[in-house]
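A.B. asks: Below is run.pdb; it holds PDB, C-alpha atoms.
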```pdb
ATOM      1  CA  MET A   1      61.165  42.542 -48.240
ATOM      2  CA  LYS A   2      62.365  44.755 -51.068
ATOM      3  CA  ILE A   3      62.747  43.495 -54.647
ATOM      4  CA  ASP A   4      64.946  45.329 -57.151
ATOM      5  CA  ILE A   5      64.985  44.390 -60.843
ATOM      6  CA  CYS A   6      67.513  45.873 -63.222
ATOM      7  CA  VAL A   7      67.081  45.279 -66.965
ATOM      8  CA  ASP A   8      70.299  45.732 -68.914
ATOM      9  CA  LYS A   9      70.512  44.768 -72.599
ATOM     10  CA  ASN A  10      74.281  44.289 -72.314
ATOM     11  CA  VAL A  11      74.029  41.554 -69.653
ATOM     12  CA  THR A  12      74.819  38.094 -71.023
ATOM     13  CA  ASP A  13      74.145  35.942 -67.935
ATOM     14  CA  LEU A  14      71.342  36.226 -65.384
ATOM     15  CA  THR A  15      72.552  37.115 -61.889
ATOM     16  CA  ILE A  16      70.379  36.959 -58.803
ATOM     17  CA  SER A  17      71.676  38.477 -55.571
ATOM     18  CA  VAL A  18      70.095  37.960 -52.168
ATOM     19  CA  ILE A  19      71.147  40.429 -49.507
ATOM     20  CA  CYS A  20      69.934  39.640 -46.015
ATOM     21  CA  LYS A  21      70.803  40.105 -42.363
ATOM     22  CA  GLN A  22      70.762  36.343 -41.746
ATOM     23  CA  LEU A  23      69.908  33.165 -43.649
ATOM     24  CA  THR A  24      66.392  32.154 -42.573
ATOM     25  CA  PRO A  25      64.396  29.047 -43.554
ATOM     26  CA  ASP A  26      62.254  31.208 -45.866
ATOM     27  CA  ILE A  27      65.333  32.498 -47.682
ATOM     28  CA  GLU A  28      66.732  28.956 -47.939
ATOM     29  CA  LYS A  29      63.442  27.839 -49.497
ATOM     30  CA  LEU A  30      63.589  30.731 -51.971
ATOM     31  CA  LEU A  31      67.147  29.762 -52.932
ATOM     32  CA  ALA A  32      66.111  26.116 -53.290
ATOM     33  CA  THR A  33      63.349  27.165 -55.681
ATOM     34  CA  LEU A  34      65.818  29.149 -57.784
ATOM     35  CA  ARG A  35      68.222  26.196 -57.897
ATOM     36  CA  MET A  36      65.422  23.963 -59.151
ATOM     37  CA  MET A  37      65.221  26.204 -62.199
ATOM     38  CA  ASN A  38      68.826  25.146 -62.808
ATOM     39  CA  HIS A  39      67.792  21.465 -62.554
ATOM     40  CA  GLN A  40      69.006  21.106 -58.978
ATOM     41  CA  LEU A  41      67.169  20.214 -55.808
ATOM     42  CA  THR A  42      68.291  21.423 -52.396
ATOM     43  CA  VAL A  43      68.195  18.544 -49.908
ATOM     44  CA  ARG A  44      69.531  17.739 -46.436
ATOM     45  CA  LYS A  45      71.336  14.820 -44.878
ATOM     46  CA  ASP A  46      72.976  14.722 -41.449
ATOM     47  CA  SER A  47      72.637  18.504 -40.982
ATOM     48  CA  GLU A  48      74.433  19.176 -44.297
ATOM     49  CA  ILE A  49      72.808  20.807 -47.316
ATOM     50  CA  TYR A  50      73.402  19.229 -50.725
ATOM     51  CA  LEU A  51      72.646  20.419 -54.255
ATOM     52  CA  LEU A  52      71.351  17.351 -56.008
ATOM     53  CA  ASP A  53      70.957  17.162 -59.786
ATOM     54  CA  ILE A  54      67.355  16.267 -60.585
ATOM     55  CA  VAL A  55      68.442  13.459 -62.925
ATOM     56  CA  GLN A  56      69.843  11.600 -59.907
ATOM     57  CA  VAL A  57      66.447  11.428 -58.196
ATOM     58  CA  ILE A  58      64.666   8.077 -58.560
ATOM     59  CA  TYR A  59      61.610   8.876 -56.465
ATOM     60  CA  ILE A  60      60.308  11.110 -53.683
ATOM     61  CA  GLU A  61      58.178   9.883 -50.811
ATOM     62  CA  SER A  62      56.251  11.686 -48.097
ATOM     63  CA  ILE A  63      56.270   9.982 -44.695
ATOM     64  CA  ASP A  64      54.839  11.630 -41.586
ATOM     65  CA  ARG A  65      54.733  15.031 -43.329
ATOM     66  CA  LYS A  66      58.416  14.861 -44.323
ATOM     67  CA  CYS A  67      59.627  14.428 -47.887
ATOM     68  CA  PHE A  68      62.430  11.977 -48.572
ATOM     69  CA  VAL A  69      64.379  12.062 -51.825
ATOM     70  CA  TYR A  70      65.803   8.724 -53.001
ATOM     71  CA  THR A  71      68.781   8.350 -55.317
ATOM     72  CA  ALA A  72      70.634   5.179 -56.315
ATOM     73  CA  LYS A  73      72.865   5.351 -53.235
ATOM     74  CA  GLU A  74      71.472   7.863 -50.734
ATOM     75  CA  ILE A  75      68.301   9.096 -49.038
ATOM     76  CA  TYR A  76      67.924  12.825 -48.400
ATOM     77  CA  GLU A  77      65.261  15.025 -46.858
ATOM     78  CA  SER A  78      63.608  17.990 -48.573
ATOM     79  CA  ASP A  79      62.066  21.034 -46.909
ATOM     80  CA  PHE A  80      59.375  21.177 -49.598
ATOM     81  CA  LYS A  81      55.949  19.550 -49.319
ATOM     82  CA  LEU A  82      55.166  16.778 -51.798
ATOM     83  CA  TYR A  83      52.617  18.892 -53.680
ATOM     84  CA  GLU A  84      55.221  21.676 -54.066
ATOM     85  CA  LEU A  85      57.764  19.233 -55.469
ATOM     86  CA  GLU A  86      55.129  17.785 -57.781
ATOM     87  CA  LYS A  87      54.411  21.213 -59.285
ATOM     88  CA  ARG A  88      58.074  22.096 -59.676
ATOM     89  CA  LEU A  89      59.290  18.745 -61.006
ATOM     90  CA  GLU A  90      56.453  17.757 -63.335
ATOM     91  CA  GLU A  91      58.166  19.324 -66.350
ATOM     92  CA  TYR A  92      61.295  17.244 -65.600
ATOM     93  CA  GLY A  93      59.487  13.908 -65.917
ATOM     94  CA  PHE A  94      58.207  13.362 -62.386
ATOM     95  CA  PHE A  95      54.756  11.866 -61.899
ATOM     96  CA  ARG A  96      52.581  11.311 -58.819
ATOM     97  CA  VAL A  97      51.658   7.630 -58.441
ATOM     98  CA  SER A  98      49.975   7.808 -55.027
ATOM     99  CA  LYS A  99      49.051  10.354 -52.408
ATOM    100  CA  SER A 100      52.516  10.011 -50.886
ATOM    101  CA  CYS A 101      54.878   9.300 -53.791
ATOM    102  CA  LEU A 102      56.360  10.920 -56.916
ATOM    103  CA  ILE A 103      58.457   8.875 -59.319
ATOM    104  CA  HIS A 104      60.937   9.958 -61.977
ATOM    105  CA  LEU A 105      59.607   8.377 -65.166
ATOM    106  CA  GLN A 106      63.139   8.004 -66.584
ATOM    107  CA  ASN A 107      64.000   5.616 -63.762
ATOM    108  CA  ILE A 108      61.192   3.096 -64.278
ATOM    109  CA  GLN A 109      62.537  -0.385 -64.894
ATOM    110  CA  SER A 110      59.250  -2.294 -65.247
ATOM    111  CA  LEU A 111      55.492  -2.246 -64.636
ATOM    112  CA  LYS A 112      53.305  -5.098 -63.427
ATOM    113  CA  ALA A 113      49.517  -5.132 -63.117
ATOM    114  CA  ASP A 114      48.369  -5.765 -59.560
ATOM    115  CA  ILE A 115      45.024  -6.396 -57.913
ATOM    116  CA  ASN A 116      42.262  -3.766 -58.027
ATOM    117  CA  ARG A 117      43.745  -1.996 -61.099
ATOM    118  CA  LYS A 118      46.870  -0.950 -59.222
ATOM    119  CA  VAL A 119      50.269  -1.082 -60.903
ATOM    120  CA  ARG A 120      53.490  -2.281 -59.283
ATOM    121  CA  VAL A 121      56.346  -0.078 -60.537
ATOM    122  CA  THR A 122      59.914  -1.334 -60.218
ATOM    123  CA  MET A 123      62.428   1.495 -60.210
ATOM    124  CA  SER A 124      66.046   1.424 -61.424
ATOM    125  CA  ASN A 125      67.318   0.927 -57.871
ATOM    126  CA  GLY A 126      65.124  -2.175 -57.426
ATOM    127  CA  GLU A 127      62.537  -0.462 -55.210
ATOM    128  CA  GLN A 128      58.937  -1.431 -55.908
ATOM    129  CA  ILE A 129      56.337   1.306 -55.649
ATOM    130  CA  MET A 130      52.605   0.773 -55.867
ATOM    131  CA  ALA A 131      50.762   3.130 -58.203
ATOM    132  CA  SER A 132      47.234   3.539 -56.858
ATOM    133  CA  ARG A 133      44.148   3.040 -59.037
ATOM    134  CA  GLN A 134      43.628   6.788 -59.118
ATOM    135  CA  TYR A 135      46.967   7.351 -60.912
ATOM    136  CA  ALA A 136      47.604   3.999 -62.658
ATOM    137  CA  ASP A 137      45.757   4.710 -65.919
ATOM    138  CA  GLU A 138      47.368   8.138 -66.353
ATOM    139  CA  LEU A 139      50.782   6.578 -65.659
ATOM    140  CA  LYS A 140      50.216   4.019 -68.402
ATOM    141  CA  LYS A 141      49.147   6.801 -70.795
ATOM    142  CA  ARG A 142      52.233   8.880 -69.978
ATOM    143  CA  LEU A 143      54.418   5.859 -70.713
ATOM    144  CA  GLY A 144      52.530   4.997 -73.922
ATOM    145  CA  VAL A 145      51.411   1.590 -72.600
ATOM    146  CA  ILE A 146      47.709   2.237 -73.354
TER     147      ILE A 146
END
```
As structure tokens, please, write out the structure in this file.

C.D. replies:
Amino acid sequence: MKIDICVDKNVTDLTISVICKQLTPDIEKLLATLRMMNHQLTVRKDSEIYLLDIVQVIYIESIDRKCFVYTAKEIYESDFKLYELEKRLEEYGFFRVSKSCLIHLQNIQSLKADINRKVRVTMSNGEQIMASRQYADELKKRLGVI
């Protein structure tokens, strides 16, 4: 791989060009990472690729080593691992509530204390997600509840 960087003081808008022989999964992942900087997430559904605005995401769940991205109306699949999405989306208000789930804090509808210091989180789409004891206190702090 060759990387060329050209600094030009007269340029007003950043342009990134990818020149390749064919579009590989690694290149698609690189492009998805760049899109995330523009507040978009690259996801798949029925062999189609979608550019999803991050604000549409309610939560992300990892099941059997696959990441599923939930919006109000659709479920998509992401090529990223949950820990990669956590790192990239933390600054946009996403928070890990269990070993397999990230939630978008903007889409929390309500919280309810549950047994063993767990917290039941109801999201804007009506889904209920259990925040494990390990993450419950930090979640409450992030939301200003304690």

A.B. asks: For this structure, which residues satisfy the selection - the PyMOL selection byres ((chain A and resi 52-63) around 9) - when it is evaluated on the file as given? I want them as number ranges by chain.

C.D. replies: A: 36, 38-43, 50-51, 64-72, 81-82, 85, 89, 92, 94, 99-108, 123-125

A.B. asks: Near segment 139-141 of chain A, within 12 Å and counting all atoms listed in the file, which residues show up once chain neighbours fewer than 3 positions away are dropped, as a VMD selection string?

C.D. replies: chain A and resid 93 to 98 102 to 105 108 110 to 113 117 to 121 130 to 136 144 to 146

A.B. asks: Can I get the selected residues back with C-alpha atoms, as a compact mmCIF listing (two decimals), in the coordinates of the input?

C.D. replies:
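Resulting contents of part.txt:
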```txt
# COMPACT_ATOMS: atom_id res chain seq x y z
CA GLY A 93 59.49 13.91 -65.92
CA PHE A 94 58.21 13.36 -62.39
CA PHE A 95 54.76 11.87 -61.90
CA ARG A 96 52.58 11.31 -58.82
CA VAL A 97 51.66 7.63 -58.44
CA SER A 98 49.98 7.81 -55.03
CA LEU A 102 56.36 10.92 -56.92
CA ILE A 103 58.46 8.88 -59.32
CA HIS A 104 60.94 9.96 -61.98
CA LEU A 105 59.61 8.38 -65.17
CA ILE A 108 61.19 3.10 -64.28
CA SER A 110 59.25 -2.29 -65.25
CA LEU A 111 55.49 -2.25 -64.64
CA LYS A 112 53.30 -5.10 -63.43
CA ALA A 113 49.52 -5.13 -63.12
CA ARG A 117 43.74 -2.00 -61.10
CA LYS A 118 46.87 -0.95 -59.22
CA VAL A 119 50.27 -1.08 -60.90
CA ARG A 120 53.49 -2.28 -59.28
CA VAL A 121 56.35 -0.08 -60.54
CA MET A 130 52.60 0.77 -55.87
CA ALA A 131 50.76 3.13 -58.20
CA SER A 132 47.23 3.54 -56.86
CA ARG A 133 44.15 3.04 -59.04
CA GLN A 134 43.63 6.79 -59.12
CA TYR A 135 46.97 7.35 -60.91
CA ALA A 136 47.60 4.00 -62.66
CA GLY A 144 52.53 5.00 -73.92
CA VAL A 145 51.41 1.59 -72.60
CA ILE A 146 47.71 2.24 -73.35
```

A.B. asks: So how far away is atom CA of Leu14 of chain A from atom CA of Lys29 of chain A, in Å?

C.D. replies: 19.6 Å

A.B. asks: Could you state the separation of atom CA of Glu138 of chain A and atom CA of Asn116 of chain A in Å, given to one decimal place?

C.D. replies: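 Separating atom CA of Glu138 of chain A from atom CA of Asn116 of chain A is a distance of 15.4 Å.
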
A.B. asks: Report, in Å with one decimal, the straight-line distance from atom CA of Ile27 of chain A to atom CA of Glu90 of chain A.

C.D. replies: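 We find that atom CA of Ile27 of chain A and atom CA of Glu90 of chain A lie 23.3 Å from each other.
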
A.B. asks: As AutoDock Vina command-line options, what would the box around segment 118-127 of chain A look like: edges along x, y and z, 8 Å added on every side, centre and edge lengths in Å to one decimal?

C.D. replies:
```
--center_x 57.1 --center_y -0.4 --center_z -58.3 --size_x 36.4 --size_y 19.8 --size_z 22.2
```

A.B. asks: Given the file shown, determine the residues that the PyMOL selection byres ((chain A and resi 18-24) around 12) selects; report them as a PyMOL selection string.

C.D. replies: chain A and resi 1-5+15-17+25-31+34

A.B. asks: Rebuild segment 59-78 of chain A to N, CA and C atoms - output it as a PDB file, in the coordinates of the input, please.

C.D. replies:
```pdb
ATOM      1  N   TYR A  59      62.967   8.568 -56.897  1.00  0.00           N
ATOM      2  CA  TYR A  59      61.610   8.876 -56.465  1.00  0.00           C
ATOM      3  C   TYR A  59      61.630   9.699 -55.186  1.00  0.00           C
ATOM      4  N   ILE A  60      60.473  10.265 -54.870  1.00  0.00           N
ATOM      5  CA  ILE A  60      60.308  11.110 -53.683  1.00  0.00           C
ATOM      6  C   ILE A  60      59.092  10.598 -52.933  1.00  0.00           C
ATOM      7  N   GLU A  61      59.252  10.443 -51.628  1.00  0.00           N
ATOM      8  CA  GLU A  61      58.178   9.883 -50.811  1.00  0.00           C
ATOM      9  C   GLU A  61      57.911  10.773 -49.606  1.00  0.00           C
ATOM     10  N   SER A  62      56.645  10.933 -49.276  1.00  0.00           N
ATOM     11  CA  SER A  62      56.251  11.686 -48.097  1.00  0.00           C
ATOM     12  C   SER A  62      55.865  10.711 -46.991  1.00  0.00           C
ATOM     13  N   ILE A  63      56.547  10.826 -45.856  1.00  0.00           N
ATOM     14  CA  ILE A  63      56.270   9.982 -44.695  1.00  0.00           C
ATOM     15  C   ILE A  63      56.169  10.892 -43.482  1.00  0.00           C
ATOM     16  N   ASP A  64      55.051  10.807 -42.774  1.00  0.00           N
ATOM     17  CA  ASP A  64      54.839  11.630 -41.586  1.00  0.00           C
ATOM     18  C   ASP A  64      55.129  13.112 -41.836  1.00  0.00           C
ATOM     19  N   ARG A  65      54.605  13.619 -42.950  1.00  0.00           N
ATOM     20  CA  ARG A  65      54.733  15.031 -43.329  1.00  0.00           C
ATOM     21  C   ARG A  65      56.158  15.478 -43.638  1.00  0.00           C
ATOM     22  N   LYS A  66      57.055  14.538 -43.898  1.00  0.00           N
ATOM     23  CA  LYS A  66      58.416  14.861 -44.323  1.00  0.00           C
ATOM     24  C   LYS A  66      58.635  14.228 -45.688  1.00  0.00           C
ATOM     25  N   CYS A  67      59.349  14.945 -46.553  1.00  0.00           N
ATOM     26  CA  CYS A  67      59.627  14.428 -47.887  1.00  0.00           C
ATOM     27  C   CYS A  67      61.043  13.878 -47.951  1.00  0.00           C
ATOM     28  N   PHE A  68      61.151  12.638 -48.421  1.00  0.00           N
ATOM     29  CA  PHE A  68      62.430  11.977 -48.572  1.00  0.00           C
ATOM     30  C   PHE A  68      62.716  11.792 -50.051  1.00  0.00           C
ATOM     31  N   VAL A  69      63.946  12.114 -50.434  1.00  0.00           N
ATOM     32  CA  VAL A  69      64.379  12.062 -51.825  1.00  0.00           C
ATOM     33  C   VAL A  69      65.354  10.890 -51.956  1.00  0.00           C
ATOM     34  N   TYR A  70      65.018   9.948 -52.843  1.00  0.00           N
ATOM     35  CA  TYR A  70      65.803   8.724 -53.001  1.00  0.00           C
ATOM     36  C   TYR A  70      66.618   8.780 -54.286  1.00  0.00           C
ATOM     37  N   THR A  71      67.904   8.503 -54.157  1.00  0.00           N
ATOM     38  CA  THR A  71      68.781   8.350 -55.317  1.00  0.00           C
ATOM     39  C   THR A  71      69.252   6.892 -55.324  1.00  0.00           C
ATOM     40  N   ALA A  72      70.143   6.554 -56.236  1.00  0.00           N
ATOM     41  CA  ALA A  72      70.634   5.179 -56.315  1.00  0.00           C
ATOM     42  C   ALA A  72      71.371   4.764 -55.045  1.00  0.00           C
ATOM     43  N   LYS A  73      72.032   5.709 -54.378  1.00  0.00           N
ATOM     44  CA  LYS A  73      72.865   5.351 -53.235  1.00  0.00           C
ATOM     45  C   LYS A  73      72.467   5.996 -51.917  1.00  0.00           C
ATOM     46  N   GLU A  74      71.723   7.089 -51.953  1.00  0.00           N
ATOM     47  CA  GLU A  74      71.472   7.863 -50.734  1.00  0.00           C
ATOM     48  C   GLU A  74      69.993   8.214 -50.578  1.00  0.00           C
ATOM     49  N   ILE A  75      69.628   8.577 -49.357  1.00  0.00           N
ATOM     50  CA  ILE A  75      68.301   9.096 -49.038  1.00  0.00           C
ATOM     51  C   ILE A  75      68.498  10.458 -48.383  1.00  0.00           C
ATOM     52  N   TYR A  76      67.819  11.464 -48.913  1.00  0.00           N
ATOM     53  CA  TYR A  76      67.924  12.825 -48.400  1.00  0.00           C
ATOM     54  C   TYR A  76      66.552  13.295 -47.943  1.00  0.00           C
ATOM     55  N   GLU A  77      66.523  14.429 -47.269  1.00  0.00           N
ATOM     56  CA  GLU A  77      65.261  15.025 -46.858  1.00  0.00           C
ATOM     57  C   GLU A  77      65.121  16.388 -47.530  1.00  0.00           C
ATOM     58  N   SER A  78      63.889  16.708 -47.939  1.00  0.00           N
ATOM     59  CA  SER A  78      63.608  17.990 -48.573  1.00  0.00           C
ATOM     60  C   SER A  78      62.721  18.821 -47.656  1.00  0.00           C
TER      61      SER A  78
END
```
